[in-house]
Amino acid sequence: MLRRLLLYLSNAAWARNMATRWGVARRVALRFVAGETMSEAVEATRRLNEQGLLVTLNYLGESVTSPEDAQAVVATYQNLLQQIHDQHLQASVSIKPSHLGLDIDEDLCHANLKQILATAEPYDIPITIDMEGSNHTDMTLRLYRRLRDADGFNQVGTVIQAYLYRSEEDMRQLASENAHIRLCKGAYLEPPEIAFPDKAAVDANYIKLAEQYLTGSDAAYLCLATHDEAMIQGTEAIIRQHSIAPDRYEYQMLLGVRTDRQAELAAAGYKMRIYVPFGEAWYPYFVRRLAERPANVLFFLRMLVGR
Ligand SMILES: Cc1cc2nc3c(=O)[nH]c(=O)nc-3n(C[C@H](O)[C@H](O)[C@H](O)COP(=O)(O)OP(=O)(O)OC[C@H]3O[C@@H](n4cnc5c(N)ncnc54)[C@H](O)[C@@H]3O)c2cc1C
């Protein structure tokens, strides 16, 4: 109930306008965000790299409505790629396709992604196309395959959400294509006609899809994006049982979430990558994080009361 309310609020313009003018919301949000500027994100990346953690950088924003705004986002990502290269950071980049104009036109988004991938390729920096709400799933998978197959970019990957019923078939197909996939549970509000409504079923599907993917191909790559201890232990068991090579998978978590566990997994020898968002458009990202964990809402309320 609380999750559904927060996911509704993450999309509501009136709530965004209120929250972004509110200093305390900004302070709490910055727990999950590297900062509002690129230099803060670069600094955060350097600190994480020094702790043995890999990074994937995301410039916050979504649902761009003009081609000019989408082009400005392309320029920011190109600048970011230059910084990653020049400063020898161990970082990939994650991009929301609606930030590059997917809600305006699929071809425009493709052209924008192509410009970014062309900048990333000589620097060997991987790009992940994030997955948004289910109205974007088909378009995002089409864009991914077009960039990989028709345009020939090898350093591109995308995301599958375990809460969608369709994901089993998508994962089966993507394993046969040796794709680079991030598996997450899914962060958007979806109806029960297309997505498992309860956590237990999503969790069971996460483990099932991870096993199906890791054993379904010898060359596909899987990023296990989760903070859930049961998912971490369940996938570790699959990795051990099937002797999956360390160059076939990595773990991923979000900045500011379970930082002790991030360090522990890295110290145990796992490749551990942290999703590091930055930028001024932190509101929807932040509210989705609140929706994932009631304790974060309590933390937010405590800061309000203690102000
Ligand atoms: C690297 C990365 C990339 C992602 N990319 C996408 C994407 O492209 N598309 C998409 O839809 N979703 C994406 N997500 C979000 C994802 O879908 C989930 O919404 C999110 O990860 C929460 O699911 P969970 O597996 O952590 O488990 P949950 O079932 O949400 O939580 C299980 C347990 O994990 C711990 N936990 C979870 N969240 C928190 C928190 N915020 N603070 C403290 N503890 C917490 C708690 O102990 C909790 O009980 C991404 C997540 C990660 C980590």
# chains A, B, ... in the order shown; residues from 1 in each chain; ligands from 1
$ closest_atom_pairs --of "stretch 233-299 of chain A" --to "stretch 219-222 of chain A" --cutoff "9 Å" --atoms "only C-alpha atoms" --output "CSV"
residue,atom,partner,partner_atom,distance
A:Asp247,CA,A:Tyr221,CA,7.8
A:Arg248,CA,A:Tyr221,CA,4.8
A:Tyr249,CA,A:Leu222,CA,4.6
A:Glu250,CA,A:Leu222,CA,6.6
A:Tyr251,CA,A:Leu222,CA,8.6
$ residues_near_ligand --ligand "ligand 1" --cutoff "9 Å" --atoms "only C-alpha atoms and all ligand atoms" --output "VMD selection string"
chain A and resid 32 56 94 to 96 128 to 133 158 to 163 182 to 188 199 to 200 202 to 203 206 223 to 232 251 to 258 273 to 276 288 to 296
$ residues_around --residues "stretch 45-53 of chain A" --least-positions-apart "2" --cutoff "9 Å" --atoms "only C-alpha atoms" --output "list in words"
Ala34, Glu40, Ala41, Val42, Glu43, Val55, Thr56, Leu57, Gln87, Leu89, Gln90, Ala91, Gln262, Ala263, Ala266, Ala267, Lys271, Met272, Arg273, Ile274 and Val276 of chain A
$ write_last_selection --atoms "C-alpha atoms" --output "PDB file, in the first residue's frame"
ATOM      1  CA  ALA A  34      26.606  11.510  -5.260  1.00  0.00           C
ATOM      2  CA  GLU A  40      30.947  15.375  -7.129  1.00  0.00           C
ATOM      3  CA  ALA A  41      30.115  12.159  -9.000  1.00  0.00           C
ATOM      4  CA  VAL A  42      33.704  11.831 -10.232  1.00  0.00           C
ATOM      5  CA  GLU A  43      34.965  12.328  -6.661  1.00  0.00           C
ATOM      6  CA  VAL A  55      31.017   2.008 -10.390  1.00  0.00           C
ATOM      7  CA  THR A  56      28.295   2.640 -12.936  1.00  0.00           C
ATOM      8  CA  LEU A  57      27.494   6.360 -13.288  1.00  0.00           C
ATOM      9  CA  GLN A  87      40.816  10.307 -14.785  1.00  0.00           C
ATOM     10  CA  LEU A  89      38.135   5.703 -13.294  1.00  0.00           C
ATOM     11  CA  GLN A  90      36.851   2.140 -13.108  1.00  0.00           C
ATOM     12  CA  ALA A  91      33.346   3.048 -14.166  1.00  0.00           C
ATOM     13  CA  GLN A 262      29.116  -3.920  -0.543  1.00  0.00           C
ATOM     14  CA  ALA A 263      32.569  -3.850   1.079  1.00  0.00           C
ATOM     15  CA  ALA A 266      34.252  -7.005  -2.631  1.00  0.00           C
ATOM     16  CA  ALA A 267      36.601  -8.263   0.123  1.00  0.00           C
ATOM     17  CA  LYS A 271      33.208  -8.080  -8.580  1.00  0.00           C
ATOM     18  CA  MET A 272      30.984  -5.448  -6.909  1.00  0.00           C
ATOM     19  CA  ARG A 273      29.681  -2.446  -8.836  1.00  0.00           C
ATOM     20  CA  ILE A 274      27.930   0.565  -7.282  1.00  0.00           C
ATOM     21  CA  VAL A 276      26.187   6.186  -8.600  1.00  0.00           C
TER      22      VAL A 276
END
$ residues_around --residues "stretch 121-123 of chain A" --least-positions-apart "6" --cutoff "9 Å" --atoms "only C-alpha atoms" --output "number ranges by chain"
A: 81-82, 84-85, 153-155
$ select_by_dssp --residues "stretch 51-174 of chain A" --states "alpha helix (DSSP H)" --output "VMD selection string"
chain A and resid 67 to 86 106 to 120 137 to 145 167 to 174
$ write_last_selection --atoms "N, CA and C atoms" --output "compact mmCIF listing (two decimals), in the first residue's frame"
# COMPACT_ATOMS: atom_id res chain seq x y z
N PRO A 67 13.60 17.39 -28.26
CA PRO A 67 14.85 16.87 -28.82
C PRO A 67 16.06 17.69 -28.37
N GLU A 68 15.88 18.99 -28.15
CA GLU A 68 17.01 19.84 -27.71
C GLU A 68 17.47 19.42 -26.31
N ASP A 69 16.49 19.17 -25.43
CA ASP A 69 16.87 18.73 -24.08
C ASP A 69 17.60 17.39 -24.14
N ALA A 70 17.11 16.48 -25.00
CA ALA A 70 17.75 15.16 -25.13
C ALA A 70 19.18 15.33 -25.64
N GLN A 71 19.39 16.26 -26.56
CA GLN A 71 20.74 16.49 -27.10
C GLN A 71 21.67 17.03 -26.00
N ALA A 72 21.13 17.85 -25.11
CA ALA A 72 21.95 18.36 -23.99
C ALA A 72 22.36 17.19 -23.07
N VAL A 73 21.48 16.21 -22.94
CA VAL A 73 21.80 15.04 -22.11
C VAL A 73 22.93 14.23 -22.78
N VAL A 74 22.86 14.10 -24.11
CA VAL A 74 23.93 13.41 -24.85
C VAL A 74 25.27 14.09 -24.56
N ALA A 75 25.28 15.42 -24.64
CA ALA A 75 26.54 16.17 -24.42
C ALA A 75 27.07 15.93 -23.00
N THR A 76 26.17 15.88 -22.02
CA THR A 76 26.61 15.63 -20.64
C THR A 76 27.23 14.24 -20.53
N TYR A 77 26.59 13.24 -21.16
CA TYR A 77 27.16 11.88 -21.10
C TYR A 77 28.51 11.82 -21.81
N GLN A 78 28.65 12.55 -22.91
CA GLN A 78 29.94 12.53 -23.63
C GLN A 78 31.04 13.16 -22.76
N ASN A 79 30.68 14.23 -22.08
CA ASN A 79 31.60 14.87 -21.15
C ASN A 79 31.98 13.90 -20.02
N LEU A 80 30.98 13.20 -19.51
CA LEU A 80 31.21 12.23 -18.43
C LEU A 80 32.18 11.12 -18.89
N LEU A 81 31.96 10.61 -20.12
CA LEU A 81 32.83 9.54 -20.64
C LEU A 81 34.27 10.04 -20.75
N GLN A 82 34.40 11.29 -21.17
CA GLN A 82 35.75 11.88 -21.28
C GLN A 82 36.42 11.93 -19.90
N GLN A 83 35.64 12.29 -18.89
CA GLN A 83 36.18 12.36 -17.52
C GLN A 83 36.58 10.97 -17.01
N ILE A 84 35.73 9.98 -17.29
CA ILE A 84 36.05 8.61 -16.84
C ILE A 84 37.38 8.18 -17.45
N HIS A 85 37.53 8.48 -18.76
CA HIS A 85 38.76 8.09 -19.46
C HIS A 85 39.96 8.88 -18.92
N ASP A 86 39.84 10.21 -18.88
CA ASP A 86 40.97 11.05 -18.50
C ASP A 86 41.43 10.77 -17.08
N GLU A 106 11.39 6.77 -30.99
CA GLU A 106 12.39 5.69 -30.81
C GLU A 106 13.65 5.95 -31.65
N ASP A 107 13.46 6.44 -32.88
CA ASP A 107 14.64 6.68 -33.74
C ASP A 107 15.52 7.78 -33.19
N LEU A 108 14.88 8.80 -32.60
CA LEU A 108 15.66 9.89 -31.98
C LEU A 108 16.50 9.34 -30.82
N CYS A 109 15.88 8.50 -30.01
CA CYS A 109 16.58 7.91 -28.87
C CYS A 109 17.73 7.03 -29.37
N HIS A 110 17.47 6.27 -30.44
CA HIS A 110 18.52 5.43 -31.03
C HIS A 110 19.70 6.28 -31.49
N ALA A 111 19.41 7.36 -32.20
CA ALA A 111 20.48 8.24 -32.70
C ALA A 111 21.29 8.82 -31.53
N ASN A 112 20.60 9.17 -30.45
CA ASN A 112 21.29 9.74 -29.28
C ASN A 112 22.16 8.70 -28.58
N LEU A 113 21.61 7.49 -28.43
CA LEU A 113 22.40 6.42 -27.81
C LEU A 113 23.63 6.09 -28.66
N LYS A 114 23.42 6.13 -29.98
CA LYS A 114 24.52 5.82 -30.90
C LYS A 114 25.67 6.82 -30.74
N GLN A 115 25.33 8.10 -30.57
CA GLN A 115 26.38 9.11 -30.36
C GLN A 115 27.17 8.81 -29.08
N ILE A 116 26.44 8.42 -28.03
CA ILE A 116 27.11 8.15 -26.75
C ILE A 116 28.00 6.90 -26.86
N LEU A 117 27.46 5.85 -27.52
CA LEU A 117 28.25 4.62 -27.67
C LEU A 117 29.48 4.86 -28.54
N ALA A 118 29.35 5.72 -29.54
CA ALA A 118 30.50 6.02 -30.40
C ALA A 118 31.60 6.72 -29.60
N THR A 119 31.21 7.54 -28.62
CA THR A 119 32.20 8.19 -27.75
C THR A 119 32.82 7.17 -26.79
N ALA A 120 31.98 6.24 -26.30
CA ALA A 120 32.45 5.27 -25.28
C ALA A 120 33.37 4.21 -25.88
N THR A 137 9.40 -1.47 -22.30
CA THR A 137 10.20 -2.71 -22.36
C THR A 137 10.53 -3.12 -23.79
N ASP A 138 9.49 -3.23 -24.64
CA ASP A 138 9.75 -3.68 -26.02
C ASP A 138 10.70 -2.72 -26.74
N MET A 139 10.46 -1.42 -26.57
CA MET A 139 11.29 -0.43 -27.28
C MET A 139 12.73 -0.51 -26.79
N THR A 140 12.91 -0.69 -25.48
CA THR A 140 14.27 -0.73 -24.92
C THR A 140 15.02 -1.95 -25.42
N LEU A 141 14.34 -3.11 -25.46
CA LEU A 141 15.01 -4.31 -25.96
C LEU A 141 15.33 -4.18 -27.45
N ARG A 142 14.42 -3.53 -28.18
CA ARG A 142 14.68 -3.30 -29.63
C ARG A 142 15.90 -2.40 -29.81
N LEU A 143 15.96 -1.32 -29.02
CA LEU A 143 17.11 -0.39 -29.11
C LEU A 143 18.41 -1.12 -28.80
N TYR A 144 18.37 -1.93 -27.72
CA TYR A 144 19.57 -2.68 -27.33
C TYR A 144 20.06 -3.57 -28.48
N ARG A 145 19.12 -4.31 -29.09
CA ARG A 145 19.53 -5.26 -30.16
C ARG A 145 19.99 -4.50 -31.41
N SER A 167 9.53 -11.80 -18.40
CA SER A 167 11.00 -11.81 -18.30
C SER A 167 11.61 -13.19 -18.50
N GLU A 168 10.86 -14.26 -18.15
CA GLU A 168 11.43 -15.60 -18.32
C GLU A 168 11.76 -15.83 -19.80
N GLU A 169 10.81 -15.48 -20.67
CA GLU A 169 11.03 -15.68 -22.10
C GLU A 169 12.11 -14.72 -22.63
N ASP A 170 12.07 -13.46 -22.14
CA ASP A 170 13.11 -12.50 -22.56
C ASP A 170 14.50 -13.00 -22.17
N MET A 171 14.63 -13.50 -20.95
CA MET A 171 15.94 -13.97 -20.48
C MET A 171 16.42 -15.18 -21.27
N ARG A 172 15.49 -16.07 -21.60
CA ARG A 172 15.86 -17.27 -22.37
C ARG A 172 16.46 -16.84 -23.71
N GLN A 173 15.75 -15.91 -24.35
CA GLN A 173 16.21 -15.42 -25.65
C GLN A 173 17.55 -14.69 -25.53
N LEU A 174 17.67 -13.81 -24.51
CA LEU A 174 18.90 -13.01 -24.34
C LEU A 174 20.10 -13.90 -23.99
